[in-house]
Number of protein chains: 2
Amino acid sequence: MFTQDMLRSIARATPSKIVLLVLDGLGGLPDPKTGKTELETANLPNLDRLARQGVCGLSVPVGPGITPGSAPGHTALFGYDPLTLNIGRGVLEAVGIDFPIEKEDVLVRGNFCTIDKDGNITDRRAGRISTELNAGLCPLLETTIQGVRVLTAPVREYRFVIAFRGTELSPEVTESDPQVTGVPPEPVKALTPEANKMARIANQFAEIAKSVLKDKHPANMVLMRGFSRRPELPGMNEIYRLKPAVIATYPMYRGLARLVGMDVLPTGSTFEDEVVTLKKHWEEYDFFFVHVKKLDAAGEDGDFARKVQAVEEVDKSIPGITNLKPDVIVVTGDHSTPALLKAHSWHPVPTLLYSRYCRFDAVTEFTESACLRGGLGIFPASQLMSLMMANALKLAKYGA
Amino acid sequence: MFTQDMLRSIARATPSKIVLLVLDGLGGLPDPKTGKTELETANLPNLDRLARQGVCGLSVPVGPGITPGSAPGHTALFGYDPLTLNIGRGVLEAVGIDFPIEKEDVLVRGNFCTIDKDGNITDRRAGRISTELNAGLCPLLETTIQGVRVLTAPVREYRFVIAFRGTELSPEVTESDPQVTGVPPEPVKALTPEANKMARIANQFAEIAKSVLKDKHPANMVLMRGFSRRPELPGMNEIYRLKPAVIATYPMYRGLARLVGMDVLPTGSTFEDEVVTLKKHWEEYDFFFVHVKKLDAAGEDGDFARKVQAVEEVDKSIPGITNLKPDVIVVTGDHSTPALLKAHSWHPVPTLLYSRYCRFDAVTEFTESACLRGGLGIFPASQLMSLMMANALKLAKYGA
């Protein structure tokens, strides 16, 4: 596979515009009753027309059989190798709430939990306390330990973010969450000599938290997972010479996009709102990542009909995008989320690419089975960026 | 490509069961008279039904145009990279006869040969002496040279195994078989300084063999090929958290399976017997590698009709497997063996995967041309394990 360094050497800035529309959890599986997938069931006149005019295929987010989380699913679509680029849980949680990460921060996903009088965990999620309660507890945990500032921020229910901000910290430590109940939280241990300080500070923080929270049953202790630092990435502007922006209703996707150098455009909560935002900022950028969450949410809930409805809703607003006459439109997903599985899955993702210069194929509808016969074949998702760039005539010839 | 280390981090033990049915030499080429391949000629109602309900494709054992031996063909199916995992001829010969290999053994494939009074080779296979004669000669060659034990074991006709068992031996030496007649056996030469001792011992062994065998015409000398040591592999239990077993009528395949940590289940000589064995041990394991040799043997003999008959025989007993309700069934081969070529070939191998969660495709018969249009596409055989694991819901999500 060619590298980002190679792409960097041939990418050129042009006025042409690319829209990458990611329908989270797009691909599905047949309903056992009808033998049809969500896409095969839905009525999608606009997406079908794009499929007819464009070139289709099935993208493989990480590898055959591998079910991706949101981070590898998206970084692959942005052209980064999802196997070498590792975004930790702490970082992902922090970007998901627009937490102002600093370069040296070690970020941690915190869980409020319940311990009994012997210090053993009885509930790893503290009875799923309310987000409001969480927000009231977080400030109590902020402190400074040996010059290291400890910042916190609530996420949702029992989940919060911890940022350790100081010098000589390393994320190479074990987690304190034992993943089971009936035992006490585990001490954090350094995995490398450089991480000794981090382990010491984390354990002192655990002691402080225990003391601060002792009367706050059921949230009378914290667990720490996913110690990580923001990865140092070349931005999409640097690699592709693009001016990229993200339009997403969920903070996590905005955060992921910001990690690769996208500007965040404020938007409303529906796809229709997102298309309005796109139109508003059309002249300012040449690459738009538009994220739609609803399909994935319906798939995770196992709600086949709601997933069908969600993609039909998207279809209705597609003309709002095509009317802007982007040079390249891609519609894909970061992974499949079949309602049948109620979870992310490993199945390849239906993908269409439309441009004036795509070599269109015989595909006439936007479904899993039709995309299988498409001109893009079955391909790694991380190769989609170079295809988009090429179709926007943003890649110079390679080699003499 | 993702690595076994990555799979190891997401594999989880579950009660679901996988059957990997390998029809050795499965793929073929059209009979010039009919224009149909062996599979297209055969009547395969049960395999066709599985193809219809499952997802199909063509697997590439090692790489485009590369004809695999049995070892890379199988290790790829077990999820190991056939290009970095090198199983030497000596090791393969030894595992093929259940020879009790020890970790430090340097294993060699020996040939009895005929030399004339000047020491030149007149027959590299000693007139294909009987296995019985071979078995009588082997013990005469056992000896100890400078503290290195030399063990032997007959294989078949003129072929036998030599194990050099001692310290400071290295397999990095040249072979003594010149591959032509009319010249004497070549001296074994060290390819690295560490292999000097091995070369010296091997040459002394050749002298001893010449003297011991001098009155045993036509088997009056030995040739040595494929010096090798058992590779150190992580087992399938370690990588995939599986409890795997092999059901095979030929010792070589049992040996290959044992190298990757499978238990060997004793079985009879027909596929029907193998299915009985499968049923008997069904509760004890969660991964069964079932090997069928007959198709390959017929292909190697250039016997198109017998290969057709062999796969029809397999088809008849397929319900014995499906009735056990495995969560995942894969039917594939380790390579193609077209009767037209009378040999292993490089052609991609028809492959079907059935599970409740496979995204079935439009394929309705189990043939080369139908599989080409299948949902798995044309894919590296070494990726089949992660697909089987995913479809058995034995892989956790990758990444946050």
# chains A, B, ... in the order shown; residues from 1 in each chain; ligands from 1

$ calpha_fit_rmsd --fixed "chain B" --moving "chain A"
0.2 Å

$ residues_around --residues "segment 234-246 of chain B" --least-positions-apart "6" --cutoff "10 Å" --atoms "only C-alpha atoms" --output "PyMOL selection string"
chain B and resi 4-15+17-20+78-80+253-267+274+278+281+284-291+385-386+389+394-395

$ write_last_selection --atoms "C-alpha atoms" --output "PDB file, in the first residue's frame"
ATOM      1  CA  GLN B   4      -1.904 -12.254  14.850  1.00  0.00           C
ATOM      2  CA  ASP B   5      -0.958 -10.011  17.789  1.00  0.00           C
ATOM      3  CA  MET B   6      -3.955  -7.842  17.013  1.00  0.00           C
ATOM      4  CA  LEU B   7      -6.247 -10.872  16.726  1.00  0.00           C
ATOM      5  CA  ARG B   8      -4.893 -12.171  20.007  1.00  0.00           C
ATOM      6  CA  SER B   9      -5.941  -8.920  21.683  1.00  0.00           C
ATOM      7  CA  ILE B  10      -9.564  -9.194  20.524  1.00  0.00           C
ATOM      8  CA  ALA B  11     -10.156 -12.980  20.422  1.00  0.00           C
ATOM      9  CA  ARG B  12     -12.415 -14.376  23.107  1.00  0.00           C
ATOM     10  CA  ALA B  13     -13.440 -17.875  24.060  1.00  0.00           C
ATOM     11  CA  THR B  14     -17.134 -18.609  23.498  1.00  0.00           C
ATOM     12  CA  PRO B  15     -19.149 -21.827  23.224  1.00  0.00           C
ATOM     13  CA  LYS B  17     -18.280 -23.994  17.160  1.00  0.00           C
ATOM     14  CA  ILE B  18     -16.396 -23.758  13.860  1.00  0.00           C
ATOM     15  CA  VAL B  19     -15.862 -26.539  11.292  1.00  0.00           C
ATOM     16  CA  LEU B  20     -13.147 -25.946   8.693  1.00  0.00           C
ATOM     17  CA  PHE B  78      -4.886 -21.597   9.976  1.00  0.00           C
ATOM     18  CA  GLY B  79      -4.225 -17.827   9.817  1.00  0.00           C
ATOM     19  CA  TYR B  80      -0.429 -17.846   9.695  1.00  0.00           C
ATOM     20  CA  TYR B 253      -1.965 -33.072   7.849  1.00  0.00           C
ATOM     21  CA  ARG B 254      -2.279 -34.284  11.409  1.00  0.00           C
ATOM     22  CA  GLY B 255       1.347 -33.264  11.869  1.00  0.00           C
ATOM     23  CA  LEU B 256       0.807 -29.793  10.422  1.00  0.00           C
ATOM     24  CA  ALA B 257      -2.206 -29.337  12.672  1.00  0.00           C
ATOM     25  CA  ARG B 258      -0.239 -30.484  15.700  1.00  0.00           C
ATOM     26  CA  LEU B 259       2.422 -27.859  14.924  1.00  0.00           C
ATOM     27  CA  VAL B 260      -0.215 -25.152  15.507  1.00  0.00           C
ATOM     28  CA  GLY B 261      -1.516 -26.764  18.676  1.00  0.00           C
ATOM     29  CA  MET B 262      -4.425 -28.940  17.537  1.00  0.00           C
ATOM     30  CA  ASP B 263      -5.338 -32.168  19.280  1.00  0.00           C
ATOM     31  CA  VAL B 264      -5.321 -35.174  16.951  1.00  0.00           C
ATOM     32  CA  LEU B 265      -8.531 -37.235  16.872  1.00  0.00           C
ATOM     33  CA  PRO B 266      -8.145 -40.846  15.694  1.00  0.00           C
ATOM     34  CA  THR B 267     -10.389 -41.599  12.718  1.00  0.00           C
ATOM     35  CA  GLU B 274     -14.319 -38.545   9.666  1.00  0.00           C
ATOM     36  CA  LEU B 278     -16.537 -35.262  14.408  1.00  0.00           C
ATOM     37  CA  HIS B 281     -15.935 -35.420  19.834  1.00  0.00           C
ATOM     38  CA  GLU B 284     -15.001 -31.473  23.460  1.00  0.00           C
ATOM     39  CA  TYR B 285     -13.726 -28.820  21.027  1.00  0.00           C
ATOM     40  CA  ASP B 286     -14.806 -25.532  19.447  1.00  0.00           C
ATOM     41  CA  PHE B 287     -12.728 -25.703  16.250  1.00  0.00           C
ATOM     42  CA  PHE B 288     -12.487 -28.744  13.997  1.00  0.00           C
ATOM     43  CA  PHE B 289     -10.144 -28.974  11.018  1.00  0.00           C
ATOM     44  CA  VAL B 290     -11.419 -31.841   8.865  1.00  0.00           C
ATOM     45  CA  HIS B 291      -9.097 -32.837   6.022  1.00  0.00           C
ATOM     46  CA  MET B 385      -9.491 -17.432  10.167  1.00  0.00           C
ATOM     47  CA  SER B 386     -10.538 -13.905  11.164  1.00  0.00           C
ATOM     48  CA  MET B 389     -13.840 -16.062  14.177  1.00  0.00           C
ATOM     49  CA  LYS B 394     -15.474 -14.768  18.823  1.00  0.00           C
ATOM     50  CA  LEU B 395     -13.864 -11.372  18.096  1.00  0.00           C
TER      51      LEU B 395
END

$ residues_around --residues "segment 47-64 of chain A" --least-positions-apart "4" --cutoff "7 Å" --atoms "only C-alpha atoms" --output "count of residues only"
38

$ closest_atom_pairs --of "chain A" --to "chain B" --cutoff "7 Å" --atoms "only C-alpha atoms" --output "Markdown table"
| residue | atom | partner | partner_atom | distance |
| --- | --- | --- | --- | --- |
| A:Leu29 | CA | B:Arg359 | CA | 6.0 |
| A:Gly63 | CA | B:Phe2 | CA | 6.8 |
| A:Pro64 | CA | B:Leu387 | CA | 6.0 |
| A:Gly65 | CA | B:Leu387 | CA | 4.3 |
| A:Ile66 | CA | B:Tyr398 | CA | 6.8 |
| A:Thr67 | CA | B:Lys397 | CA | 5.0 |
| A:Pro68 | CA | B:Tyr398 | CA | 4.9 |
| A:Gly69 | CA | B:Gly399 | CA | 4.9 |
| A:Ser70 | CA | B:Ala400 | CA | 6.4 |
| A:Ala71 | CA | B:Ala400 | CA | 5.9 |
| A:Pro72 | CA | B:Gly399 | CA | 6.1 |
| A:Leu83 | CA | B:Phe2 | CA | 6.8 |
| A:Gly88 | CA | B:Ala400 | CA | 6.6 |
| A:Arg89 | CA | B:Ala400 | CA | 5.5 |
| A:Ser369 | CA | B:Asp361 | CA | 6.8 |
| A:Leu372 | CA | B:Gly375 | CA | 6.5 |
| A:Ile378 | CA | B:Gly377 | CA | 7.0 |

$ write_last_selection --atoms "N, CA and C atoms" --output "PDB file, in the first residue's frame"
ATOM      1  N   LEU A  29     -27.676  -6.474   7.573  1.00  0.00           N
ATOM      2  CA  LEU A  29     -27.863  -7.889   7.256  1.00  0.00           C
ATOM      3  C   LEU A  29     -29.345  -8.100   6.973  1.00  0.00           C
ATOM      4  N   GLY A  63     -10.115  -4.703   8.403  1.00  0.00           N
ATOM      5  CA  GLY A  63      -9.651  -5.941   7.792  1.00  0.00           C
ATOM      6  C   GLY A  63     -10.786  -6.935   7.815  1.00  0.00           C
ATOM      7  N   PRO A  64     -10.687  -8.001   7.017  1.00  0.00           N
ATOM      8  CA  PRO A  64     -11.758  -8.989   6.973  1.00  0.00           C
ATOM      9  C   PRO A  64     -12.031  -9.566   8.365  1.00  0.00           C
ATOM     10  N   GLY A  65     -13.269  -9.533   8.766  1.00  0.00           N
ATOM     11  CA  GLY A  65     -13.639 -10.119  10.050  1.00  0.00           C
ATOM     12  C   GLY A  65     -13.444  -9.186  11.240  1.00  0.00           C
ATOM     13  N   ILE A  66     -12.841  -8.024  11.006  1.00  0.00           N
ATOM     14  CA  ILE A  66     -12.557  -7.121  12.134  1.00  0.00           C
ATOM     15  C   ILE A  66     -13.682  -6.096  12.279  1.00  0.00           C
ATOM     16  N   THR A  67     -14.269  -6.069  13.460  1.00  0.00           N
ATOM     17  CA  THR A  67     -15.323  -5.104  13.779  1.00  0.00           C
ATOM     18  C   THR A  67     -14.672  -3.855  14.364  1.00  0.00           C
ATOM     19  N   PRO A  68     -14.796  -2.711  13.685  1.00  0.00           N
ATOM     20  CA  PRO A  68     -14.102  -1.519  14.180  1.00  0.00           C
ATOM     21  C   PRO A  68     -14.914  -0.738  15.194  1.00  0.00           C
ATOM     22  N   GLY A  69     -14.223  -0.133  16.146  1.00  0.00           N
ATOM     23  CA  GLY A  69     -14.812   0.916  16.947  1.00  0.00           C
ATOM     24  C   GLY A  69     -14.922   2.183  16.106  1.00  0.00           C
ATOM     25  N   SER A  70     -15.493   3.240  16.677  1.00  0.00           N
ATOM     26  CA  SER A  70     -15.697   4.473  15.915  1.00  0.00           C
ATOM     27  C   SER A  70     -14.380   5.107  15.483  1.00  0.00           C
ATOM     28  N   ALA A  71     -13.371   5.027  16.326  1.00  0.00           N
ATOM     29  CA  ALA A  71     -12.116   5.704  16.000  1.00  0.00           C
ATOM     30  C   ALA A  71     -11.438   5.067  14.780  1.00  0.00           C
ATOM     31  N   PRO A  72     -11.136   3.761  14.788  1.00  0.00           N
ATOM     32  CA  PRO A  72     -10.503   3.200  13.581  1.00  0.00           C
ATOM     33  C   PRO A  72     -11.414   3.282  12.354  1.00  0.00           C
ATOM     34  N   LEU A  83      -4.595   0.538  11.734  1.00  0.00           N
ATOM     35  CA  LEU A  83      -3.863  -0.423  12.555  1.00  0.00           C
ATOM     36  C   LEU A  83      -2.673   0.206  13.260  1.00  0.00           C
ATOM     37  N   GLY A  88      -6.485   6.229  22.009  1.00  0.00           N
ATOM     38  CA  GLY A  88      -6.874   5.593  23.263  1.00  0.00           C
ATOM     39  C   GLY A  88      -8.252   6.010  23.726  1.00  0.00           C
ATOM     40  N   ARG A  89      -8.792   5.211  24.646  1.00  0.00           N
ATOM     41  CA  ARG A  89     -10.135   5.453  25.147  1.00  0.00           C
ATOM     42  C   ARG A  89     -10.241   6.783  25.894  1.00  0.00           C
ATOM     43  N   SER A 369     -25.792  -5.816  -1.848  1.00  0.00           N
ATOM     44  CA  SER A 369     -25.582  -6.797  -2.911  1.00  0.00           C
ATOM     45  C   SER A 369     -25.247  -6.107  -4.232  1.00  0.00           C
ATOM     46  N   LEU A 372     -21.595  -4.959  -4.226  1.00  0.00           N
ATOM     47  CA  LEU A 372     -20.662  -6.082  -4.426  1.00  0.00           C
ATOM     48  C   LEU A 372     -20.262  -6.227  -5.889  1.00  0.00           C
ATOM     49  N   ILE A 378     -14.176  -4.774  -3.636  1.00  0.00           N
ATOM     50  CA  ILE A 378     -14.091  -4.814  -2.174  1.00  0.00           C
ATOM     51  C   ILE A 378     -12.731  -4.215  -1.844  1.00  0.00           C
TER      52      ILE A 378
END

$ residues_around --residues "Met224 of chain A" --least-positions-apart "5" --cutoff "9 Å" --atoms "only C-alpha atoms" --output "list in words"
Val108, Arg109, Gly110, Asn111, Ile162, Glu175, Ser176, Asp177, Pro185, Val188, Ala202 and Ala206 of chain A

$ residues_around --residues "Arg306 of chain B" --least-positions-apart "6" --cutoff "10 Å" --atoms "only C-alpha atoms" --output "JSON, numbers by chain"
{"B": [38, 294, 295, 297, 298, 299, 312, 339]}
